[in-house]
$ cat input_30.tsv   # TSV, C-alpha atoms and all ligand atoms
chain	number	residue	atom	x	y	z
D	1	MET	CA	0.00	0.00	0.00
D	2	SER	CA	1.42	3.44	-0.91
D	3	GLU	CA	2.18	5.82	1.94
D	4	GLN	CA	-0.80	8.04	1.09
D	5	PHE	CA	-3.30	5.15	1.11
D	6	GLN	CA	-1.78	3.86	4.33
D	7	LYS	CA	-2.21	7.28	5.98
D	8	ILE	CA	-5.87	7.40	4.92
D	9	SER	CA	-6.48	3.91	6.31
D	10	ASP	CA	-4.68	4.75	9.57
D	11	CYS	CA	-6.78	7.88	9.91
D	12	ILE	CA	-9.95	5.76	9.89
D	13	LEU	CA	-8.55	3.18	12.29
D	14	ASN	CA	-7.50	5.97	14.67
D	15	GLY	CA	-10.88	7.73	14.40
D	16	ASP	CA	-9.16	10.92	13.26
D	17	ASP	CA	-11.95	12.96	11.62
D	18	GLU	CA	-9.93	16.18	11.33
D	19	GLU	CA	-7.11	14.73	9.25
D	20	ILE	CA	-9.14	12.66	6.77
D	21	THR	CA	-10.40	15.58	4.64
D	22	SER	CA	-6.98	17.15	4.20
D	23	LEU	CA	-5.36	13.77	3.45
D	24	ILE	CA	-7.93	13.08	0.74
D	25	LYS	CA	-7.52	16.57	-0.73
D	26	GLU	CA	-3.74	16.08	-0.78
D	27	ALA	CA	-4.13	12.71	-2.49
D	28	LEU	CA	-6.47	14.19	-5.12
D	29	ASP	CA	-4.09	17.15	-5.69
D	30	SER	CA	-1.21	14.74	-6.23
D	31	GLY	CA	-3.16	13.11	-9.07
D	32	ILE	CA	-4.59	10.03	-7.33
D	33	ASN	CA	-8.12	9.36	-8.51
D	34	ALA	CA	-11.17	9.04	-6.25
D	35	LYS	CA	-11.72	5.39	-7.17
D	36	ASP	CA	-8.24	4.43	-5.95
D	37	ILE	CA	-8.72	6.44	-2.76
D	38	LEU	CA	-11.90	4.45	-2.18
D	39	ASN	CA	-10.57	1.01	-3.02
D	40	LYS	CA	-7.01	1.31	-1.72
D	41	GLY	CA	-7.42	3.67	1.24
D	42	LEU	CA	-10.94	3.76	2.65
D	43	ILE	CA	-12.36	0.26	2.10
D	44	PRO	CA	-9.24	-1.65	3.30
D	45	ALA	CA	-9.55	0.19	6.63
D	46	MET	CA	-13.09	-1.06	7.17
D	47	ASP	CA	-11.89	-4.57	6.29
D	48	ILE	CA	-9.62	-4.26	9.34
D	49	VAL	CA	-12.27	-2.76	11.64
D	50	GLY	CA	-14.67	-5.74	11.32
D	51	PRO	CA	-12.24	-8.45	12.46
D	52	LYS	CA	-10.82	-6.15	15.17
D	53	MET	CA	-14.29	-5.62	16.59
D	54	GLU	CA	-14.96	-9.34	16.53
D	55	SER	CA	-11.67	-10.16	18.28
D	56	GLY	CA	-12.30	-7.53	20.96
D	57	GLU	CA	-9.38	-5.31	19.88
D	58	MET	CA	-11.82	-2.50	19.06
D	59	PHE	CA	-14.85	-1.53	21.14
D	60	ILE	CA	-18.18	0.00	20.05
D	61	PRO	CA	-17.17	3.68	20.60
D	62	GLU	CA	-14.00	3.18	18.53
D	63	VAL	CA	-15.96	1.43	15.78
D	64	LEU	CA	-18.48	4.29	15.71
D	65	MET	CA	-15.64	6.81	15.41
D	66	ALA	CA	-14.00	4.81	12.61
D	67	ALA	CA	-17.33	4.62	10.76
D	68	ASP	CA	-17.80	8.39	11.14
D	69	VAL	CA	-14.36	9.08	9.67
D	70	MET	CA	-15.10	6.63	6.85
D	71	LYS	CA	-18.35	8.50	6.13
D	72	ALA	CA	-16.53	11.86	6.11
D	73	GLY	CA	-14.01	10.40	3.67
D	74	LEU	CA	-16.75	9.05	1.44
D	75	GLU	CA	-18.50	12.45	1.39
D	76	GLU	CA	-15.26	14.02	0.18
D	77	ILE	CA	-14.88	11.74	-2.85
D	78	LYS	CA	-18.54	10.99	-3.63
D	79	PRO	CA	-18.98	13.82	-6.17
D	80	LEU	CA	-15.93	12.56	-8.04
D	81	LEU	CA	-17.03	8.94	-8.32
D	82	SER	CA	-19.03	7.67	-11.25
D	83	GLU	CA	-21.56	4.90	-10.71
D	84	GLY	CA	-19.25	2.29	-12.21
D	85	ASP	CA	-16.54	3.16	-9.68
D	86	ILE	CA	-18.58	1.91	-6.78
D	87	SER	CA	-18.84	-1.84	-6.81
D	88	THR	CA	-21.64	-2.86	-4.47
D	89	ALA	CA	-20.79	-5.76	-2.22
D	90	GLY	CA	-24.47	-6.75	-2.31
D	91	THR	CA	-27.84	-5.64	-0.95
D	92	VAL	CA	-28.93	-6.24	2.62
D	93	VAL	CA	-32.43	-5.62	3.98
D	94	ILE	CA	-32.26	-5.23	7.74
D	95	GLY	CA	-34.81	-4.72	10.49
D	96	THR	CA	-35.82	-5.49	14.06
D	97	VAL	CA	-38.55	-8.12	14.33
D	98	GLN	CA	-42.16	-7.60	15.37
D	99	GLY	CA	-42.73	-6.57	18.97
D	100	ASP	CA	-39.18	-5.31	19.43
D	101	LEU	CA	-38.27	-1.61	19.53
D	102	HIS	CA	-34.52	-1.94	20.15
D	103	ASP	CA	-32.48	-0.53	17.28
D	104	ILE	CA	-29.09	0.62	18.53
D	105	GLY	CA	-27.32	-2.65	17.68
D	106	LYS	CA	-29.26	-3.05	14.43
D	107	ASN	CA	-28.26	0.49	13.39
D	108	LEU	CA	-24.62	-0.27	14.14
D	109	VAL	CA	-24.77	-3.40	11.99
D	110	ALA	CA	-26.47	-1.42	9.18
D	111	MET	CA	-23.87	1.33	9.34
D	112	MET	CA	-20.94	-1.12	9.29
D	113	LEU	CA	-22.44	-2.91	6.30
D	114	GLU	CA	-22.95	0.39	4.49
D	115	VAL	CA	-19.42	1.66	4.97
D	116	SER	CA	-18.15	-1.78	3.94
D	117	GLY	CA	-19.74	-1.38	0.51
D	118	PHE	CA	-23.18	-2.97	0.89
D	119	ARG	CA	-26.40	-1.28	-0.23
D	120	VAL	CA	-28.43	-1.35	2.95
D	121	VAL	CA	-32.19	-0.99	3.17
D	122	ASP	CA	-33.10	-0.49	6.82
D	123	ILE	CA	-36.82	-1.11	7.30
D	124	GLY	CA	-36.77	-0.12	10.96
D	125	VAL	CA	-38.11	-1.64	14.18
D	126	ASP	CA	-41.14	-3.70	15.16
D	127	LYS	CA	-41.50	-5.09	11.64
D	128	ASP	CA	-43.94	-7.89	10.98
D	129	ILE	CA	-43.42	-10.75	8.55
D	130	ASN	CA	-45.21	-8.96	5.71
D	131	SER	CA	-42.93	-5.93	5.99
D	132	PHE	CA	-39.90	-8.18	5.48
D	133	LEU	CA	-41.56	-10.04	2.60
D	134	GLU	CA	-42.54	-6.77	0.89
D	135	ALA	CA	-38.98	-5.46	1.27
D	136	CYS	CA	-37.63	-8.68	-0.26
D	137	GLU	CA	-40.02	-8.32	-3.19
D	138	LYS	CA	-39.10	-4.68	-3.76
D	139	GLU	CA	-35.37	-4.57	-3.00
D	140	LYS	CA	-34.30	-8.05	-4.19
D	141	PRO	CA	-31.67	-8.35	-1.45
D	142	ASP	CA	-28.89	-10.92	-1.30
D	143	VAL	CA	-29.23	-11.07	2.48
D	144	VAL	CA	-31.91	-10.22	5.03
D	145	GLY	CA	-30.71	-9.39	8.56
D	146	LEU	CA	-33.05	-9.81	11.53
D	147	SER	CA	-32.33	-8.30	14.92
D	148	ALA	CA	-34.02	-9.15	18.25
D	149	LEU	CA	-33.14	-7.93	21.75
D	150	LEU	CA	-35.94	-9.53	23.73
D	151	THR	CA	-36.34	-13.21	24.54
D	152	THR	CA	-40.06	-12.68	23.90
D	153	THR	CA	-39.43	-11.63	20.28
D	154	MET	CA	-37.26	-14.62	19.40
D	155	SER	CA	-40.38	-16.51	18.27
D	156	ALA	CA	-41.18	-13.67	15.83
D	157	MET	CA	-37.63	-14.06	14.52
D	158	LYS	CA	-38.19	-17.78	13.97
D	159	GLU	CA	-41.46	-17.19	12.09
D	160	THR	CA	-39.95	-14.41	9.97
D	161	VAL	CA	-36.99	-16.59	8.94
D	162	ALA	CA	-39.40	-19.40	7.97
D	163	ALA	CA	-41.61	-17.09	5.91
D	164	ILE	CA	-38.71	-15.52	4.01
D	165	LYS	CA	-37.06	-18.88	3.30
D	166	ASP	CA	-40.37	-20.32	2.17
D	167	LYS	CA	-41.01	-17.55	-0.37
D	168	PHE	CA	-37.50	-16.55	-1.46
D	169	LYS	CA	-35.26	-19.58	-1.94
D	170	ASP	CA	-32.19	-17.57	-3.00
D	171	ILE	CA	-32.18	-14.99	-0.23
D	172	LYS	CA	-29.91	-15.68	2.75
D	173	VAL	CA	-31.24	-14.79	6.19
D	174	ILE	CA	-28.95	-13.92	9.08
D	175	VAL	CA	-29.86	-13.18	12.67
D	176	GLY	CA	-28.37	-11.41	15.67
D	177	GLY	CA	-29.05	-9.56	18.89
D	178	ALA	CA	-28.23	-10.10	22.56
D	179	PRO	CA	-30.52	-13.09	23.34
D	180	VAL	CA	-29.75	-14.86	20.06
D	181	SER	CA	-27.13	-17.61	20.00
D	182	CYS	CA	-25.44	-19.63	17.32
D	183	ASP	CA	-27.43	-22.71	18.39
D	184	PHE	CA	-30.72	-20.80	18.22
D	185	ALA	CA	-29.77	-19.45	14.77
D	186	LYS	CA	-29.18	-23.00	13.55
D	187	SER	CA	-32.36	-24.31	15.15
D	188	ILE	CA	-34.52	-21.82	13.24
D	189	ASN	CA	-32.82	-22.67	9.95
D	190	SER	CA	-31.20	-19.25	9.39
D	191	ASP	CA	-28.10	-18.98	7.22
D	192	GLY	CA	-25.88	-17.40	9.83
D	193	TYR	CA	-25.42	-15.63	13.12
D	194	SER	CA	-23.04	-13.03	14.42
D	195	ASP	CA	-22.78	-11.55	17.88
D	196	ASP	CA	-21.50	-8.18	16.66
D	197	ALA	CA	-21.51	-5.76	13.74
D	198	GLY	CA	-18.02	-6.60	12.50
D	199	GLY	CA	-18.89	-10.28	12.37
D	200	ALA	CA	-22.13	-9.49	10.55
D	201	VAL	CA	-20.14	-7.76	7.79
D	202	MET	CA	-17.81	-10.75	7.43
D	203	LEU	CA	-20.80	-13.09	7.44
D	204	CYS	CA	-22.56	-11.14	4.68
D	205	LYS	CA	-19.36	-11.05	2.63
D	206	SER	CA	-19.03	-14.81	2.94
D	207	LEU	CA	-22.68	-15.36	1.96
D	208	VAL	CA	-22.56	-13.00	-1.06
D	209	LYS	CA	-19.92	-14.44	-3.29
E	1	LIG	CO1	-34.55	-2.68	26.62
E	1	LIG	N1	-34.18	-4.47	27.31
E	1	LIG	N2	-36.45	-2.94	26.96
E	1	LIG	N3	-34.71	-0.84	26.04
E	1	LIG	N4	-32.66	-2.57	26.71
E	1	LIG	C1	-32.79	-4.93	27.23
E	1	LIG	C2	-32.54	-5.67	25.93
E	1	LIG	C3	-32.72	-5.87	28.51
E	1	LIG	C4	-31.65	-6.97	28.40
E	1	LIG	C5	-32.54	-5.00	29.78
E	1	LIG	C6	-32.55	-5.82	31.04
E	1	LIG	O1	-33.60	-6.13	31.54
E	1	LIG	N5	-31.41	-6.17	31.56
E	1	LIG	C7	-34.19	-6.43	28.59
E	1	LIG	C8	-34.45	-7.70	27.80
E	1	LIG	C9	-34.60	-8.92	28.68
E	1	LIG	C10	-34.84	-10.10	27.85
E	1	LIG	O2	-35.77	-10.18	27.10
E	1	LIG	N6	-33.97	-11.08	27.99
E	1	LIG	C11	-34.97	-5.23	28.05
E	1	LIG	C12	-36.36	-5.00	28.31
E	1	LIG	C13	-37.02	-5.98	29.23
E	1	LIG	C14	-37.05	-3.92	27.74
E	1	LIG	C15	-38.52	-3.56	27.94
E	1	LIG	C16	-39.49	-4.75	27.93
E	1	LIG	C17	-38.60	-2.76	29.24
E	1	LIG	C18	-40.01	-2.39	29.65
E	1	LIG	O3	-40.63	-1.60	29.00
E	1	LIG	N7	-40.44	-3.03	30.71
E	1	LIG	C19	-38.78	-2.60	26.76
E	1	LIG	C20	-39.23	-3.36	25.52
E	1	LIG	C21	-39.67	-2.44	24.43
E	1	LIG	C22	-39.85	-3.21	23.15
E	1	LIG	O4	-38.89	-3.48	22.45
E	1	LIG	N8	-41.08	-3.61	22.85
E	1	LIG	C23	-37.42	-2.05	26.55
E	1	LIG	C24	-37.18	-0.77	26.04
E	1	LIG	C25	-35.93	-0.21	25.86
E	1	LIG	C26	-35.70	1.23	25.45
E	1	LIG	C27	-36.73	1.75	24.42
E	1	LIG	C28	-35.77	2.08	26.68
E	1	LIG	C29	-34.20	1.17	24.94
E	1	LIG	C30	-34.08	0.93	23.42
E	1	LIG	C31	-33.69	2.15	22.66
E	1	LIG	C32	-33.33	1.81	21.26
E	1	LIG	O5	-32.86	0.74	20.92
E	1	LIG	N9	-33.57	2.78	20.40
E	1	LIG	C33	-33.69	-0.04	25.66
E	1	LIG	C34	-32.31	-0.33	25.85
E	1	LIG	C35	-31.34	0.76	25.44
E	1	LIG	C36	-31.85	-1.55	26.39
E	1	LIG	C37	-30.42	-1.94	26.79
E	1	LIG	C38	-30.10	-1.17	28.05
E	1	LIG	C39	-29.33	-1.68	25.77
E	1	LIG	C40	-29.52	-2.33	24.40
E	1	LIG	C41	-28.49	-1.79	23.47
E	1	LIG	O6	-28.75	-0.90	22.70
E	1	LIG	N10	-27.23	-2.30	23.54
E	1	LIG	C42	-30.58	-3.50	27.04
E	1	LIG	C43	-29.70	-4.00	28.17
E	1	LIG	C44	-28.31	-4.30	27.71
E	1	LIG	O7	-28.11	-4.83	26.64
E	1	LIG	N11	-27.35	-3.97	28.52
E	1	LIG	C45	-32.03	-3.67	27.13
E	1	LIG	C46	-26.11	-1.80	22.76
E	1	LIG	C47	-26.09	-2.43	21.36
E	1	LIG	C48	-24.90	-1.92	20.59
E	1	LIG	O8	-25.96	-3.83	21.56
E	1	LIG	O9	-28.28	-4.28	20.69
E	1	LIG	O10	-26.87	-6.15	21.69
E	1	LIG	P1	-26.95	-4.89	20.91
E	1	LIG	O11	-26.36	-5.13	19.47
E	1	LIG	C49	-25.11	-5.77	19.26
E	1	LIG	C50	-25.22	-7.29	19.10
E	1	LIG	O12	-26.31	-7.86	19.79
E	1	LIG	C51	-25.25	-7.49	17.63
E	1	LIG	O13	-24.42	-6.45	17.12
E	1	LIG	C52	-24.62	-5.27	17.90
E	1	LIG	C53	-23.35	-4.50	17.92
E	1	LIG	O14	-22.27	-5.23	18.42
E	1	LIG	N12	-26.49	-7.45	16.86
E	1	LIG	C54	-26.54	-8.08	15.66
E	1	LIG	C55	-27.65	-6.83	17.08
E	1	LIG	N13	-28.46	-7.03	16.08
E	1	LIG	C56	-27.82	-7.78	15.17
E	1	LIG	C57	-28.20	-8.28	13.93
E	1	LIG	C58	-27.28	-9.06	13.21
E	1	LIG	C59	-26.04	-9.34	13.72
E	1	LIG	C60	-25.63	-8.84	14.95
E	1	LIG	O15	-27.55	-9.58	12.02
E	1	LIG	C61	-28.70	-9.18	11.34

$ encode --input "input_30.tsv" --output "structure tokens"
Amino acid sequence: MSEQFQKISDCILNGDDEEITSLIKEALDSGINAKDILNKGLIPAMDIVGPKMESGEMFIPEVLMAADVMKAGLEEIKPLLSEGDISTAGTVVIGTVQGDLHDIGKNLVAMMLEVSGFRVVDIGVDKDINSFLEACEKEKPDVVGLSALLTTTMSAMKETVAAIKDKFKDIKVIVGGAPVSCDFAKSINSDGYSDDAGGAVMLCKSLVK
């Protein structure tokens, strides 16, 4: 990685939102194009954040700061990117299941997916089966992500997974949230489980080949 790309990546990993804009301007002034800044500086940093969060080397506040710096960087180059420059990692529909209003973790997962290159359609909280099915029909996602924070809404998660898998054979469904476990995820026939946002990104990447 060239020194300039390395500095941009380090800036994200260090949560340095003051430096990122000037580093990107410097890179552009020196003739580096926006697409290379995206693919060689910004995205590789988020590929480090996910595993670090999963291994416990980075905590939620640091991840939020890294994501904010990433967003600031993206804003800087967005007007210079053409549509073909942005390769989408895939589409993810995400929501919290019916009866459940918790969305902090779900929002973190959505944000991490977004800055990692996925098109994310967040349908919100307390979403019934039909809302997920309609979103699948409309958005044609590669993956649907279900979040639940209450033990009482785990049954809604089970029913939602079954309904999506019944109607959309090609769509992968992943689940997460504090009461959810890997064993529960398997028992309800979902395609994967992660206990944090970084792991959810890696999971989606592995499911969307
Ligand atoms: Co509620 N709440 N809450 N609450 N709340 C919990 C979950 C609870 C554990 C607190 C407790 O009693 N100790 C408890 C649940 C008990 C249980 O069922 N086992 C509880 C309860 C009981 C309730 C109410 C019933 C309280 C009441 O009214 N009597 C009520 C229910 C309302 C409803 O949903 N219908 C309620 C309400 C609320 C607030 C509205 C006040 C608020 C939510 C605000 C909001 O989300 N906008 C709230 C909060 C904040 C919490 C706690 C304190 C924090 C949750 C949180 O945001 N964590 C929580 C106690 C706790 O966890 N310490 C609690 C931070 C967040 C980053 O973590 O959401 O786990 P988390 O997300 C993680 C992972 O789980 C994972 O990645 C995230 C990032 O690492 N993940 C996924 C999440 N979704 C994923 C999806 C994936 C993959 C990974 O793939 C798709």

$ closest_residue --input "input_30.tsv" --among "D:Leu101, D:Met157, D:Leu23, D:Leu13" --to "ligand LIG 1 (chain E)" --atoms "only C-alpha atoms and all ligand atoms"
D:Leu101

$ closest_residue --input "input_30.tsv" --among "D:Asp103, D:Val115, D:Ser2, D:Val92" --to "Leu42 of chain D" --atoms "all atoms listed in the file"
D:Val115

$ residues_around --input "input_30.tsv" --residues "Asp166 of chain D" --least-positions-apart "6" --cutoff "12 Å" --atoms "all atoms listed in the file" --output "count of residues only"
8

$ residues_near_ligand --input "input_30.tsv" --ligand "ligand LIG 1 (chain E)" --cutoff "6 Å" --atoms "only C-alpha atoms and all ligand atoms" --output "list in words"
Gly99, Asp100, Leu101, His102, Asp103, Ile104, Gly105, Lys106, Leu108, Val109, Gly145, Leu146, Ser147, Leu149, Leu150, Thr151, Thr152, Ile174, Val175, Gly176, Gly177, Ala178, Ser194, Asp195, Asp196, Ala197 and Ala200 of chain D

$ residues_around --input "input_30.tsv" --residues "Met202 of chain D" --least-positions-apart "3" --cutoff "8 Å" --atoms "all atoms listed in the file" --output "PyMOL selection string"
chain D and resi 50-51+198-199+205-206

$ closest_residue --input "input_30.tsv" --among "D:Met154, D:Val208, D:Ala34, D:Ile94" --to "Lys78 of chain D" --atoms "all atoms listed in the file"
D:Ala34

$ closest_residue --input "input_30.tsv" --among "D:Ala66, D:Leu28, D:Ile48, D:Ala135" --to "Thr91 of chain D" --atoms "only C-alpha atoms"
D:Ala135

$ residues_around --input "input_30.tsv" --residues "Asp36 of chain D" --least-positions-apart "6" --cutoff "12 Å" --atoms "all atoms listed in the file" --output "MDAnalysis selection string"
chainID D and resid 1:2 4:5 8 24 27:28 42:44 77 80:81 85:86

$ atom_distance --input "input_30.tsv" --atom1 "atom CA of Cys136 of chain D" --atom2 "atom CA of Asp170 of chain D"
10.8 Å

$ atom_distance --input "input_30.tsv" --atom1 "atom CA of Val121 of chain D" --atom2 "atom CA of Val63 of chain D"
20.7 Å

$ closest_residue --input "input_30.tsv" --among "D:Val93, D:Ile12, D:Lys140, D:Lys71" --to "Lys127 of chain D" --atoms "all atoms listed in the file"
D:Val93

$ atom_distance --input "input_30.tsv" --atom1 "atom CA of Thr96 of chain D" --atom2 "atom CA of Met112 of chain D"
16.2 Å

$ residues_around --input "input_30.tsv" --residues "Thr88 of chain D" --least-positions-apart "6" --cutoff "7 Å" --atoms "all atoms listed in the file" --output "list in words"
Gly117, Phe118 and Arg119 of chain D

$ closest_residue --input "input_30.tsv" --among "D:Ile188, D:Ala110, D:Met70, D:Ile171" --to "Glu19 of chain D" --atoms "all atoms listed in the file"
D:Met70
